[in-house]
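The structure file target_1.pdb is reproduced below (PDB, C-alpha atoms, pLDDT in the B column).
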ATOM      1  CA  MET A   1      75.071  89.576  42.737  1.00 82.00           C
ATOM      2  CA  PRO A   2      71.864  90.020  40.733  1.00 94.00           C
ATOM      3  CA  LYS A   3      69.099  92.407  41.633  1.00 96.00           C
ATOM      4  CA  ILE A   4      65.653  91.259  42.705  1.00 97.00           C
ATOM      5  CA  TRP A   5      63.097  91.605  39.900  1.00 98.00           C
ATOM      6  CA  THR A   6      60.147  93.899  40.654  1.00 97.00           C
ATOM      7  CA  THR A   7      57.197  95.340  38.773  1.00 97.00           C
ATOM      8  CA  ASN A   8      59.179  98.589  38.337  1.00 97.00           C
ATOM      9  CA  ALA A   9      61.757  96.929  36.074  1.00 98.00           C
ATOM     10  CA  GLN A  10      62.072  97.883  32.420  1.00 98.00           C
ATOM     11  CA  VAL A  11      61.109  94.706  30.570  1.00 98.00           C
ATOM     12  CA  SER A  12      61.473  94.323  26.820  1.00 98.00           C
ATOM     13  CA  CYS A  13      61.432  91.824  23.984  1.00 97.00           C
ATOM     14  CA  PRO A  14      63.864  92.035  21.021  1.00 95.00           C
ATOM     15  CA  HIS A  15      61.244  93.837  18.901  1.00 95.00           C
ATOM     16  CA  GLY A  16      60.674  96.870  21.120  1.00 95.00           C
ATOM     17  CA  GLY A  17      57.732  95.521  23.075  1.00 97.00           C
ATOM     18  CA  GLY A  18      57.494  96.880  26.622  1.00 97.00           C
ATOM     19  CA  GLY A  19      56.613  94.385  29.332  1.00 97.00           C
ATOM     20  CA  ARG A  20      54.293  94.884  32.281  1.00 97.00           C
ATOM     21  CA  SER A  21      54.756  92.303  35.046  1.00 97.00           C
ATOM     22  CA  VAL A  22      51.725  91.094  36.984  1.00 95.00           C
ATOM     23  CA  PRO A  23      51.956  89.479  40.472  1.00 94.00           C
ATOM     24  CA  LEU A  24      49.638  86.458  40.733  1.00 92.00           C
ATOM     25  CA  PRO A  25      47.808  86.637  43.041  1.00 88.00           C
ATOM     26  CA  GLY A  26      48.294  90.244  43.939  1.00 76.00           C
ATOM     27  CA  PRO A  27      48.880  92.641  45.437  1.00 79.00           C
ATOM     28  CA  ARG A  28      51.179  90.875  47.884  1.00 79.00           C
ATOM     29  CA  GLN A  29      52.474  94.062  49.613  1.00 82.00           C
ATOM     30  CA  ALA A  30      56.159  93.160  49.416  1.00 92.00           C
ATOM     31  CA  THR A  31      57.876  95.995  47.599  1.00 95.00           C
ATOM     32  CA  ILE A  32      61.223  97.610  46.767  1.00 96.00           C
ATOM     33  CA  ASP A  33      61.056 101.322  45.927  1.00 96.00           C
ATOM     34  CA  GLY A  34      57.316 100.910  45.386  1.00 94.00           C
ATOM     35  CA  GLY A  35      57.644  98.006  42.945  1.00 96.00           C
ATOM     36  CA  GLU A  36      56.146  94.675  43.966  1.00 96.00           C
ATOM     37  CA  ILE A  37      58.640  91.827  44.247  1.00 97.00           C
ATOM     38  CA  LEU A  38      58.046  89.169  41.599  1.00 97.00           C
ATOM     39  CA  VAL A  39      58.123  85.455  42.371  1.00 97.00           C
ATOM     40  CA  ASP A  40      58.042  82.207  40.433  1.00 97.00           C
ATOM     41  CA  GLY A  41      54.664  81.828  38.715  1.00 96.00           C
ATOM     42  CA  ASP A  42      53.993  85.506  38.057  1.00 97.00           C
ATOM     43  CA  GLN A  43      53.255  86.636  34.498  1.00 97.00           C
ATOM     44  CA  GLY A  44      53.682  89.597  32.202  1.00 97.00           C
ATOM     45  CA  VAL A  45      52.277  91.115  29.014  1.00 98.00           C
ATOM     46  CA  PHE A  46      53.882  93.196  26.291  1.00 98.00           C
ATOM     47  CA  ASP A  47      51.534  96.164  25.953  1.00 95.00           C
ATOM     48  CA  SER A  48      53.658  99.240  26.716  1.00 92.00           C
ATOM     49  CA  PRO A  49      54.117  99.346  23.712  1.00 96.00           C
ATOM     50  CA  PRO A  50      52.980  96.057  22.140  1.00 96.00           C
ATOM     51  CA  CYS A  51      55.442  93.828  20.301  1.00 96.00           C
ATOM     52  CA  VAL A  52      55.293  94.457  16.537  1.00 93.00           C
ATOM     53  CA  ASN A  53      56.710  91.114  15.436  1.00 91.00           C
ATOM     54  CA  THR A  54      54.616  88.507  13.576  1.00 87.00           C
ATOM     55  CA  PRO A  55      53.576  86.595  15.615  1.00 90.00           C
ATOM     56  CA  PRO A  56      53.970  89.059  18.507  1.00 93.00           C
ATOM     57  CA  CYS A  57      55.717  88.379  21.806  1.00 94.00           C
ATOM     58  CA  ALA A  58      52.419  88.657  23.672  1.00 93.00           C
ATOM     59  CA  GLY A  59      53.702  87.932  27.164  1.00 97.00           C
ATOM     60  CA  TYR A  60      55.924  85.847  29.431  1.00 98.00           C
ATOM     61  CA  ASP A  61      55.829  83.531  32.437  1.00 97.00           C
ATOM     62  CA  CYS A  62      58.213  84.079  35.346  1.00 97.00           C
ATOM     63  CA  HIS A  63      60.130  80.881  36.062  1.00 96.00           C
ATOM     64  CA  SER A  64      62.880  80.908  38.681  1.00 97.00           C
ATOM     65  CA  MET A  65      66.108  79.086  37.805  1.00 96.00           C
ATOM     66  CA  GLY A  66      66.383  78.151  41.482  1.00 94.00           C
ATOM     67  CA  LEU A  67      69.743  79.886  41.918  1.00 94.00           C
ATOM     68  CA  ASN A  68      68.770  81.742  45.101  1.00 93.00           C
ATOM     69  CA  ALA A  69      67.319  80.813  48.495  1.00 93.00           C
ATOM     70  CA  THR A  70      65.017  83.808  49.000  1.00 93.00           C
ATOM     71  CA  THR A  71      61.320  82.977  48.967  1.00 94.00           C
ATOM     72  CA  LEU A  72      58.069  84.858  49.386  1.00 92.00           C
ATOM     73  CA  ARG A  73      54.960  82.916  50.315  1.00 87.00           C
ATOM     74  CA  SER A  74      56.919  79.710  49.628  1.00 90.00           C
ATOM     75  CA  ARG A  75      57.754  80.772  46.063  1.00 94.00           C
ATOM     76  CA  ASN A  76      61.233  81.658  44.815  1.00 95.00           C
ATOM     77  CA  VAL A  77      61.880  85.376  44.450  1.00 97.00           C
ATOM     78  CA  MET A  78      62.706  86.244  40.826  1.00 98.00           C
ATOM     79  CA  LEU A  79      66.091  87.695  39.873  1.00 98.00           C
ATOM     80  CA  VAL A  80      66.812  89.902  36.870  1.00 97.00           C
ATOM     81  CA  THR A  81      69.262  87.209  35.755  1.00 97.00           C
ATOM     82  CA  ASP A  82      66.661  84.418  35.760  1.00 97.00           C
ATOM     83  CA  PHE A  83      66.291  83.388  32.126  1.00 96.00           C
ATOM     84  CA  VAL A  84      62.737  84.055  30.914  1.00 97.00           C
ATOM     85  CA  GLN A  85      61.258  83.630  27.423  1.00 95.00           C
ATOM     86  CA  THR A  86      58.413  85.357  25.632  1.00 96.00           C
ATOM     87  CA  TYR A  87      55.495  83.211  24.524  1.00 94.00           C
ATOM     88  CA  THR A  88      57.145  83.004  21.087  1.00 93.00           C
ATOM     89  CA  GLY A  89      60.487  81.825  22.432  1.00 91.00           C
ATOM     90  CA  PHE A  90      62.533  85.049  22.362  1.00 94.00           C
ATOM     91  CA  PRO A  91      64.561  85.981  25.485  1.00 95.00           C
ATOM     92  CA  VAL A  92      63.200  88.665  27.818  1.00 97.00           C
ATOM     93  CA  THR A  93      65.465  91.542  28.900  1.00 97.00           C
ATOM     94  CA  LYS A  94      65.029  93.055  32.385  1.00 97.00           C
ATOM     95  CA  ILE A  95      66.651  96.209  33.795  1.00 97.00           C
ATOM     96  CA  GLU A  96      66.221  97.268  37.442  1.00 97.00           C
ATOM     97  CA  SER A  97      67.132 100.676  38.900  1.00 95.00           C
ATOM     98  CA  HIS A  98      67.012  99.815  42.628  1.00 96.00           C
ATOM     99  CA  VAL A  99      70.063  98.685  44.616  1.00 94.00           C
ATOM    100  CA  VAL A 100      68.741  95.552  46.330  1.00 95.00           C
ATOM    101  CA  ASP A 101      70.791  92.479  45.431  1.00 94.00           C
ATOM    102  CA  ASP A 102      70.056  88.873  46.335  1.00 93.00           C
ATOM    103  CA  LYS A 103      73.283  87.389  47.706  1.00 88.00           C
ATOM    104  CA  THR A 104      71.836  83.978  48.508  1.00 90.00           C
ATOM    105  CA  LEU A 105      72.587  80.664  46.844  1.00 89.00           C
ATOM    106  CA  PRO A 106      70.469  77.494  46.857  1.00 87.00           C
ATOM    107  CA  GLY A 107      70.391  76.073  50.353  1.00 80.00           C
ATOM    108  CA  THR A 108      71.941  79.124  52.035  1.00 75.00           C
ATOM    109  CA  PRO A 109      70.194  81.232  54.682  1.00 71.00           C
ATOM    110  CA  PRO A 110      68.823  84.367  52.981  1.00 66.00           C
ATOM    111  CA  ALA A 111      70.265  86.631  55.693  1.00 60.00           C
ATOM    112  CA  THR A 112      73.863  85.480  55.401  1.00 61.00           C
ATOM    113  CA  GLY A 113      74.420  84.104  51.909  1.00 60.00           C
ATOM    114  CA  ALA A 114      77.558  82.166  51.064  1.00 65.00           C
ATOM    115  CA  VAL A 115      80.798  82.383  49.136  1.00 77.00           C
ATOM    116  CA  ILE A 116      79.799  83.090  45.557  1.00 82.00           C
ATOM    117  CA  PRO A 117      81.373  80.681  43.050  1.00 89.00           C
ATOM    118  CA  PRO A 118      82.750  82.217  39.806  1.00 92.00           C
ATOM    119  CA  GLU A 119      79.962  80.798  37.646  1.00 93.00           C
ATOM    120  CA  MET A 120      77.358  82.621  39.727  1.00 91.00           C
ATOM    121  CA  ARG A 121      78.873  86.050  39.135  1.00 89.00           C
ATOM    122  CA  GLU A 122      77.601  88.378  36.423  1.00 92.00           C
ATOM    123  CA  ASP A 123      80.855  89.048  34.569  1.00 91.00           C
ATOM    124  CA  ASP A 124      80.387  86.305  31.955  1.00 95.00           C
ATOM    125  CA  VAL A 125      77.943  87.063  29.143  1.00 94.00           C
ATOM    126  CA  PRO A 126      77.534  84.501  26.345  1.00 97.00           C
ATOM    127  CA  THR A 127      77.952  85.401  22.675  1.00 97.00           C
ATOM    128  CA  VAL A 128      76.156  83.946  19.659  1.00 97.00           C
ATOM    129  CA  LEU A 129      76.840  84.564  15.962  1.00 98.00           C
ATOM    130  CA  VAL A 130      75.127  83.123  12.880  1.00 98.00           C
ATOM    131  CA  ALA A 131      76.109  82.870   9.231  1.00 98.00           C
ATOM    132  CA  PRO A 132      74.414  83.661   6.971  1.00 98.00           C
ATOM    133  CA  PRO A 133      71.992  85.938   8.858  1.00 97.00           C
ATOM    134  CA  THR A 134      69.355  85.863   6.089  1.00 98.00           C
ATOM    135  CA  PHE A 135      68.189  83.415   3.425  1.00 98.00           C
ATOM    136  CA  PRO A 136      65.611  84.148   0.668  1.00 98.00           C
ATOM    137  CA  PHE A 137      63.241  81.376  -0.398  1.00 98.00           C
ATOM    138  CA  SER A 138      60.653  81.394  -3.202  1.00 98.00           C
ATOM    139  CA  ILE A 139      57.850  78.835  -2.974  1.00 97.00           C
ATOM    140  CA  SER A 140      57.070  79.109  -6.719  1.00 97.00           C
ATOM    141  CA  GLY A 141      60.760  78.895  -7.607  1.00 97.00           C
ATOM    142  CA  PHE A 142      61.174  75.762  -5.500  1.00 98.00           C
ATOM    143  CA  SER A 143      58.098  74.130  -7.028  1.00 96.00           C
ATOM    144  CA  SER A 144      59.552  74.506 -10.510  1.00 97.00           C
ATOM    145  CA  THR A 145      63.247  73.818  -9.868  1.00 97.00           C
ATOM    146  CA  SER A 146      63.400  72.033  -6.471  1.00 97.00           C
ATOM    147  CA  GLN A 147      66.075  74.571  -5.589  1.00 97.00           C
ATOM    148  CA  PRO A 148      67.411  75.500  -3.141  1.00 97.00           C
ATOM    149  CA  ALA A 149      67.383  71.994  -1.740  1.00 97.00           C
ATOM    150  CA  ALA A 150      68.232  73.288   1.736  1.00 98.00           C
ATOM    151  CA  ALA A 151      68.995  76.415   3.758  1.00 98.00           C
ATOM    152  CA  PRO A 152      72.136  75.912   5.883  1.00 98.00           C
ATOM    153  CA  PHE A 153      73.019  78.063   8.904  1.00 98.00           C
ATOM    154  CA  ALA A 154      76.018  77.919  11.226  1.00 97.00           C
ATOM    155  CA  PHE A 155      75.782  79.248  14.792  1.00 97.00           C
ATOM    156  CA  SER A 156      78.849  79.785  16.997  1.00 96.00           C
ATOM    157  CA  LEU A 157      78.473  80.035  20.785  1.00 96.00           C
ATOM    158  CA  SER A 158      80.845  80.980  23.556  1.00 97.00           C
ATOM    159  CA  SER A 159      80.701  81.374  27.340  1.00 97.00           C
ATOM    160  CA  ALA A 160      83.120  80.718  30.178  1.00 96.00           C
ATOM    161  CA  TYR A 161      80.339  79.017  32.157  1.00 96.00           C
ATOM    162  CA  PRO A 162      77.942  77.468  29.632  1.00 95.00           C
ATOM    163  CA  LEU A 163      74.665  75.829  30.644  1.00 94.00           C
ATOM    164  CA  ARG A 164      72.415  75.179  27.653  1.00 93.00           C
ATOM    165  CA  TRP A 165      71.163  76.511  24.365  1.00 94.00           C
ATOM    166  CA  MET A 166      67.817  76.308  22.611  1.00 93.00           C
ATOM    167  CA  LEU A 167      66.554  76.831  19.079  1.00 94.00           C
ATOM    168  CA  TRP A 168      63.088  78.158  18.301  1.00 94.00           C
ATOM    169  CA  GLN A 169      61.294  78.680  15.001  1.00 95.00           C
ATOM    170  CA  VAL A 170      59.050  81.747  14.946  1.00 94.00           C
ATOM    171  CA  GLY A 171      56.972  82.942  11.999  1.00 92.00           C
ATOM    172  CA  PRO A 172      53.538  83.736  10.557  1.00 87.00           C
ATOM    173  CA  PRO A 173      50.756  83.226  11.047  1.00 81.00           C
ATOM    174  CA  ALA A 174      51.375  81.878  14.547  1.00 78.00           C
ATOM    175  CA  VAL A 175      54.185  79.355  14.287  1.00 85.00           C
ATOM    176  CA  LYS A 176      56.339  78.878  17.380  1.00 88.00           C
ATOM    177  CA  LEU A 177      58.197  75.614  17.665  1.00 92.00           C
ATOM    178  CA  ASP A 178      61.015  74.370  19.860  1.00 91.00           C
ATOM    179  CA  VAL A 179      63.317  72.819  17.270  1.00 93.00           C
ATOM    180  CA  THR A 180      66.372  72.351  19.500  1.00 92.00           C
ATOM    181  CA  ALA A 181      66.452  68.682  18.501  1.00 90.00           C
ATOM    182  CA  GLY A 182      65.348  69.399  14.924  1.00 92.00           C
ATOM    183  CA  ILE A 183      62.466  67.802  13.020  1.00 93.00           C
ATOM    184  CA  PRO A 184      63.181  64.431  11.376  1.00 93.00           C
ATOM    185  CA  SER A 185      63.718  64.738   7.585  1.00 94.00           C
ATOM    186  CA  GLN A 186      62.889  68.476   7.728  1.00 96.00           C
ATOM    187  CA  ILE A 187      65.253  70.334  10.085  1.00 96.00           C
ATOM    188  CA  THR A 188      68.615  68.856  11.021  1.00 94.00           C
ATOM    189  CA  VAL A 189      70.415  70.274  14.055  1.00 93.00           C
ATOM    190  CA  ALA A 190      73.974  69.026  14.467  1.00 90.00           C
ATOM    191  CA  PRO A 191      75.553  70.341  17.688  1.00 81.00           C
ATOM    192  CA  VAL A 192      79.283  70.121  18.281  1.00 60.00           C
ATOM    193  CA  GLY A 193      80.123  70.198  21.997  1.00 53.00           C
ATOM    194  CA  ALA A 194      76.481  69.906  23.024  1.00 55.00           C
ATOM    195  CA  SER A 195      73.875  67.161  23.136  1.00 58.00           C
ATOM    196  CA  PRO A 196      70.652  67.237  21.073  1.00 58.00           C
ATOM    197  CA  ASP A 197      68.631  68.549  24.030  1.00 63.00           C
ATOM    198  CA  GLY A 198      70.739  71.693  24.161  1.00 73.00           C
ATOM    199  CA  THR A 199      72.984  70.783  27.070  1.00 82.00           C
ATOM    200  CA  TRP A 200      76.117  72.878  26.638  1.00 88.00           C
ATOM    201  CA  SER A 201      79.347  72.039  28.423  1.00 86.00           C
ATOM    202  CA  SER A 202      82.336  73.406  26.460  1.00 89.00           C
ATOM    203  CA  PRO A 203      83.237  77.131  26.431  1.00 94.00           C
ATOM    204  CA  SER A 204      82.881  77.211  22.643  1.00 93.00           C
ATOM    205  CA  ALA A 205      80.390  75.302  20.530  1.00 91.00           C
ATOM    206  CA  ALA A 206      79.248  75.188  16.931  1.00 93.00           C
ATOM    207  CA  VAL A 207      75.684  74.334  15.963  1.00 94.00           C
ATOM    208  CA  SER A 208      74.713  73.735  12.357  1.00 95.00           C
ATOM    209  CA  VAL A 209      71.081  73.985  11.302  1.00 96.00           C
ATOM    210  CA  THR A 210      69.947  72.684   7.902  1.00 97.00           C
ATOM    211  CA  ILE A 211      66.360  73.299   6.799  1.00 98.00           C
ATOM    212  CA  THR A 212      65.091  71.421   3.746  1.00 98.00           C
ATOM    213  CA  GLY A 213      63.487  73.255   0.862  1.00 98.00           C
ATOM    214  CA  THR A 214      60.559  70.863   1.139  1.00 97.00           C
ATOM    215  CA  TYR A 215      59.921  72.123   4.658  1.00 97.00           C
ATOM    216  CA  LEU A 216      60.377  75.803   3.765  1.00 97.00           C
ATOM    217  CA  ALA A 217      57.814  75.386   0.953  1.00 97.00           C
ATOM    218  CA  THR A 218      55.161  74.574   3.587  1.00 96.00           C
ATOM    219  CA  LEU A 219      55.642  77.884   5.426  1.00 95.00           C
ATOM    220  CA  ALA A 220      53.421  80.917   4.960  1.00 94.00           C
ATOM    221  CA  PRO A 221      54.933  83.851   3.034  1.00 95.00           C
ATOM    222  CA  GLY A 222      56.732  86.267   5.335  1.00 94.00           C
ATOM    223  CA  ASN A 223      59.754  86.357   7.624  1.00 94.00           C
ATOM    224  CA  HIS A 224      60.518  83.235   9.612  1.00 96.00           C
ATOM    225  CA  PHE A 225      63.144  83.296  12.348  1.00 95.00           C
ATOM    226  CA  PHE A 226      65.275  80.477  13.699  1.00 96.00           C
ATOM    227  CA  VAL A 227      66.422  81.894  17.025  1.00 95.00           C
ATOM    228  CA  LEU A 228      69.270  80.297  18.934  1.00 95.00           C
ATOM    229  CA  THR A 229      69.646  81.463  22.533  1.00 95.00           C
ATOM    230  CA  ALA A 230      72.690  80.521  24.627  1.00 95.00           C
ATOM    231  CA  ILE A 231      72.390  80.647  28.433  1.00 96.00           C
ATOM    232  CA  ASN A 232      75.161  80.536  31.019  1.00 96.00           C
ATOM    233  CA  ARG A 233      74.958  79.140  34.546  1.00 95.00           C
ATOM    234  CA  ARG A 234      73.984  82.503  36.043  1.00 95.00           C
ATOM    235  CA  GLY A 235      71.092  82.789  33.587  1.00 96.00           C
ATOM    236  CA  LEU A 236      72.657  85.491  31.427  1.00 97.00           C
ATOM    237  CA  PHE A 237      72.041  84.981  27.736  1.00 97.00           C
ATOM    238  CA  ALA A 238      72.740  86.000  24.179  1.00 96.00           C
ATOM    239  CA  SER A 239      70.808  85.152  21.046  1.00 96.00           C
ATOM    240  CA  SER A 240      71.108  85.359  17.305  1.00 96.00           C
ATOM    241  CA  GLU A 241      68.494  84.727  14.651  1.00 95.00           C
ATOM    242  CA  ALA A 242      68.670  83.301  11.155  1.00 97.00           C
ATOM    243  CA  GLN A 243      65.929  84.898   9.064  1.00 97.00           C
ATOM    244  CA  VAL A 244      64.305  83.051   6.161  1.00 97.00           C
ATOM    245  CA  THR A 245      62.244  85.354   3.935  1.00 97.00           C
ATOM    246  CA  VAL A 246      59.596  83.235   2.240  1.00 97.00           C
ATOM    247  CA  SER A 247      57.944  84.654  -0.874  1.00 97.00           C
ATOM    248  CA  PRO A 248      55.004  83.146  -2.835  1.00 96.00           C
TER     249      PRO A 248
END
Could you quickly redo this structure as C-alpha cells?
Amino acid sequence: MPKIWTTNAQVSCPHGGGGRSVPLPGPRQATIDGGEILVDGDQGVFDSPPCVNTPPCAGYDCHSMGLNATTLRSRNVMLVTDFVQTYTGFPVTKIESHVVDDKTLPGTPPATGAVIPPEMREDDVPTVLVAPPTFPFSISGFSSTSQPAAAPFAFSLSSAYPLRWMLWQVGPPAVKLDVTAGIPSQITVAPVGASPDGTWSSPSAAVSVTITGTYLATLAPGNHFFVLTAINRRGLFASSEAQVTVSP
C-alpha cells in the first residue's frame, strides 16, 4: 500500500525543480520521522532548486484522490500515489523514505483497513509513448507557403487499470491550457477507447492530436509542449510530451 506523504518527501517536476511542501495552516504537529503529514488542501513550491522550464512549474496544490479513509482535522491525508499536477500541468513525482503505509480504503476504518482490490495495488504503472516526439515550425515559412498545414502526433497509452488521461499545452510566455478536448478548428483530439473528457476504460488506447498551422503561427517563438499524462486507478501515472519548436 502507498506511503503517507510528508514534508520530508523528495518532490520533483520533470525539469529538475525540487518541491517544498507547505502545510496550510501549519504547523499541525502530526509527523512521521519529523516530517509533517500532508493533507488535502496543502500546497508546495518548486524552489529547491527552481524549475528551469519556460514557463516554470512554480508550485502545486495537494488534492486527495479520495482513495483512503485516513483523515487529519477532517481533511484526507495525502498519499504519495495521489496524482498531483504542477501549476503548468506537468505531473509531480514524490518519493518517501519512511515506512508508514496507509492500508485504508474509502469507507474503511483507518485502524483495520480492508481487502485491497487489485486496482488499488502499486504494481501497475501506465506507459505513454508519442510519435513524433518533436516538430519544427517556422512562422515566416508558414506565412509564405501555408505549410505545414498541420502538426500530427500519435500517443499510445497502456495500463491494466486505466482511469483517465489529460492533455496540456505548455509554452512561452506563460501559456498553460487544458486541451484534453481540443480547441475547435485549431487542435483536434481524437481518442480511441476514451471519451473526449479523458475518461479511459480500455487497457490500451490511442490518442491522435492534430494542431493546425494557423494555430501554431499564433504561438510565441520557443518550445511548446503538448503533454499527455495517463493515470491509473491507484493514481500512478506516466506522461509523454510532443515538443513543437516555433521559430520566427
Selection result for the PyMOL selection byres ((chain A and resi 44) around 10) on this file, as an mmCIF file with C-alpha atoms, in the frame of the given file:
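So the final result, stored in result_35.cif, reads:
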data_model
loop_
_atom_site.group_PDB
_atom_site.id
_atom_site.type_symbol
_atom_site.label_atom_id
_atom_site.label_comp_id
_atom_site.auth_asym_id
_atom_site.auth_seq_id
_atom_site.Cartn_x
_atom_site.Cartn_y
_atom_site.Cartn_z
ATOM 1 C CA THR A 7 57.197 95.340 38.773
ATOM 2 C CA VAL A 11 61.109 94.706 30.570
ATOM 3 C CA GLY A 18 57.494 96.880 26.622
ATOM 4 C CA GLY A 19 56.613 94.385 29.332
ATOM 5 C CA ARG A 20 54.293 94.884 32.281
ATOM 6 C CA SER A 21 54.756 92.303 35.046
ATOM 7 C CA VAL A 22 51.725 91.094 36.984
ATOM 8 C CA PRO A 23 51.956 89.479 40.472
ATOM 9 C CA LEU A 24 49.638 86.458 40.733
ATOM 10 C CA ASP A 42 53.993 85.506 38.057
ATOM 11 C CA GLN A 43 53.255 86.636 34.498
ATOM 12 C CA VAL A 45 52.277 91.115 29.014
ATOM 13 C CA PHE A 46 53.882 93.196 26.291
ATOM 14 C CA ASP A 47 51.534 96.164 25.953
ATOM 15 C CA ALA A 58 52.419 88.657 23.672
ATOM 16 C CA GLY A 59 53.702 87.932 27.164
ATOM 17 C CA TYR A 60 55.924 85.847 29.431
ATOM 18 C CA ASP A 61 55.829 83.531 32.437
ATOM 19 C CA CYS A 62 58.213 84.079 35.346
ATOM 20 C CA THR A 86 58.413 85.357 25.632
#
Check what the PyMOL selection byres ((chain A and resi 246) around 12) selects in the file above and give those residues as a list in words.
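So the PyMOL selection byres ((chain A and resi 246) around 12), applied here, picks out Thr134, Phe135, Pro136, Phe137, Ser138, Ile139, Ser140, Gly141, Phe142, Ala151, Gly171, Pro172, Gly213, Tyr215, Leu216, Ala217, Thr218, Leu219, Ala220, Pro221, Gly222, Asn223, His224, Phe225, Gln243, Val244, Thr245, Ser247 and Pro248 of chain A.
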Step by step, gather every atom of segment 172-191 of chain A that the file lists, find the box along x, y and z that holds them, add 6 Å on each side, and finally give centre and edge lengths in Å to one decimal, as AutoDock Vina command-line options.
--center_x 63.2 --center_y 74.1 --center_z 13.7 --size_x 36.8 --size_y 31.3 --size_z 24.3
Mind giving me the straight-line distance from atom CA of Leu163 of chain A to atom CA of Trp200 of chain A in Å, one decimal?
5.2 Å
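Each of A:Ile231, A:Pro148, A:Ala206, A:Pro106 was checked against Ala131 of chain A using all atoms listed in the file; the smallest atom-to-atom distance is that of A:Ala206.
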Using the chain letters and numbers from this file, what does the PyMOL selection byres ((chain A and resi 5) around 10) select? Give the answer as a list in words.
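In the shown coordinates, the PyMOL selection byres ((chain A and resi 5) around 10) covers Pro2, Lys3, Ile4, Thr6, Thr7, Asn8, Ala9, Gln10, Ser21, Ile32, Gly35, Glu36, Ile37, Leu38, Val39, Val77, Met78, Leu79, Val80, Thr81, Asp82, Lys94, Ile95, Glu96, Ser97, His98, Val100, Asp101 and Asp102 of chain A.
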Measuring between all atoms listed in the file, which one of A:Gly182, A:Pro91, A:Pro191, A:Pro132 shows the shortest distance to Thr229 of chain A?
A:Pro91
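Of the residues listed (A:Gly198, A:Pro14, A:Gly66, A:Pro133), A:Gly66 shows the shortest atom-to-atom separation from Met120 of chain A; distances use only C-alpha atoms.
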Using all atoms listed in the file, what residues lie at most 7 Å away from (78.6, 79.8, 29.5) (file coordinates), given as a ChimeraX atom specification?
/A:126,158-163,203,231-233
As an exercise, work out the distance from atom CA of Asp40 of chain A to atom CA of Ser64 of chain A in Å and give it to one decimal place.
5.3 Å
Which residue is closest to Thr180 of chain A? Choose from A:Ser156, A:Thr70, A:Phe83, A:Val209 and count only C-alpha atoms.
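Nearest candidate to Thr180 of chain A out of A:Ser156, A:Thr70, A:Phe83, A:Val209: A:Val209.
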Filtering to N, CA, C and O atoms, could segment 198-209 of chain A of the supplied structure be written out as a PDB file, in the first residue's frame?
ATOM      1  N   GLY A 198     -11.371  12.609 -21.434  1.00  0.00           N
ATOM      2  CA  GLY A 198     -10.212  11.912 -20.915  1.00  0.00           C
ATOM      3  C   GLY A 198     -10.525  10.649 -20.145  1.00  0.00           C
ATOM      4  O   GLY A 198      -9.607   9.994 -19.667  1.00  0.00           O
ATOM      5  N   THR A 199     -11.800  10.295 -20.010  1.00  0.00           N
ATOM      6  CA  THR A 199     -12.117   9.038 -19.351  1.00  0.00           C
ATOM      7  C   THR A 199     -11.495   7.889 -20.134  1.00  0.00           C
ATOM      8  O   THR A 199     -11.606   7.813 -21.350  1.00  0.00           O
ATOM      9  N   TRP A 200     -10.846   6.986 -19.423  1.00  0.00           N
ATOM     10  CA  TRP A 200     -10.055   5.935 -20.069  1.00  0.00           C
ATOM     11  C   TRP A 200     -10.474   4.601 -19.467  1.00  0.00           C
ATOM     12  O   TRP A 200     -10.355   4.393 -18.263  1.00  0.00           O
ATOM     13  N   SER A 201     -10.969   3.700 -20.320  1.00  0.00           N
ATOM     14  CA  SER A 201     -11.518   2.455 -19.800  1.00  0.00           C
ATOM     15  C   SER A 201     -10.840   1.197 -20.321  1.00  0.00           C
ATOM     16  O   SER A 201     -10.883   0.165 -19.659  1.00  0.00           O
ATOM     17  N   SER A 202     -10.223   1.238 -21.507  1.00  0.00           N
ATOM     18  CA  SER A 202      -9.602   0.038 -22.068  1.00  0.00           C
ATOM     19  C   SER A 202      -8.114   0.002 -21.721  1.00  0.00           C
ATOM     20  O   SER A 202      -7.477   1.049 -21.598  1.00  0.00           O
ATOM     21  N   PRO A 203      -7.531  -1.192 -21.558  1.00  0.00           N
ATOM     22  CA  PRO A 203      -6.116  -1.281 -21.175  1.00  0.00           C
ATOM     23  C   PRO A 203      -5.165  -0.594 -22.147  1.00  0.00           C
ATOM     24  O   PRO A 203      -4.115  -0.117 -21.737  1.00  0.00           O
ATOM     25  N   SER A 204      -5.539  -0.520 -23.410  1.00  0.00           N
ATOM     26  CA  SER A 204      -4.715   0.174 -24.401  1.00  0.00           C
ATOM     27  C   SER A 204      -5.573   1.205 -25.109  1.00  0.00           C
ATOM     28  O   SER A 204      -6.752   0.968 -25.379  1.00  0.00           O
ATOM     29  N   ALA A 205      -5.000   2.347 -25.397  1.00  0.00           N
ATOM     30  CA  ALA A 205      -5.726   3.402 -26.092  1.00  0.00           C
ATOM     31  C   ALA A 205      -4.770   4.164 -26.990  1.00  0.00           C
ATOM     32  O   ALA A 205      -3.567   4.230 -26.732  1.00  0.00           O
ATOM     33  N   ALA A 206      -5.328   4.723 -28.050  1.00  0.00           N
ATOM     34  CA  ALA A 206      -4.559   5.570 -28.959  1.00  0.00           C
ATOM     35  C   ALA A 206      -5.229   6.932 -29.029  1.00  0.00           C
ATOM     36  O   ALA A 206      -6.455   7.015 -29.164  1.00  0.00           O
ATOM     37  N   VAL A 207      -4.443   7.971 -28.901  1.00  0.00           N
ATOM     38  CA  VAL A 207      -4.963   9.339 -28.943  1.00  0.00           C
ATOM     39  C   VAL A 207      -4.195  10.104 -30.006  1.00  0.00           C
ATOM     40  O   VAL A 207      -2.971  10.219 -29.927  1.00  0.00           O
ATOM     41  N   SER A 208      -4.891  10.606 -30.995  1.00  0.00           N
ATOM     42  CA  SER A 208      -4.251  11.408 -32.028  1.00  0.00           C
ATOM     43  C   SER A 208      -4.525  12.883 -31.764  1.00  0.00           C
ATOM     44  O   SER A 208      -5.631  13.270 -31.395  1.00  0.00           O
ATOM     45  N   VAL A 209      -3.495  13.680 -31.937  1.00  0.00           N
ATOM     46  CA  VAL A 209      -3.589  15.127 -31.709  1.00  0.00           C
ATOM     47  C   VAL A 209      -3.101  15.819 -32.974  1.00  0.00           C
ATOM     48  O   VAL A 209      -1.966  15.604 -33.418  1.00  0.00           O
TER      49      VAL A 209
END
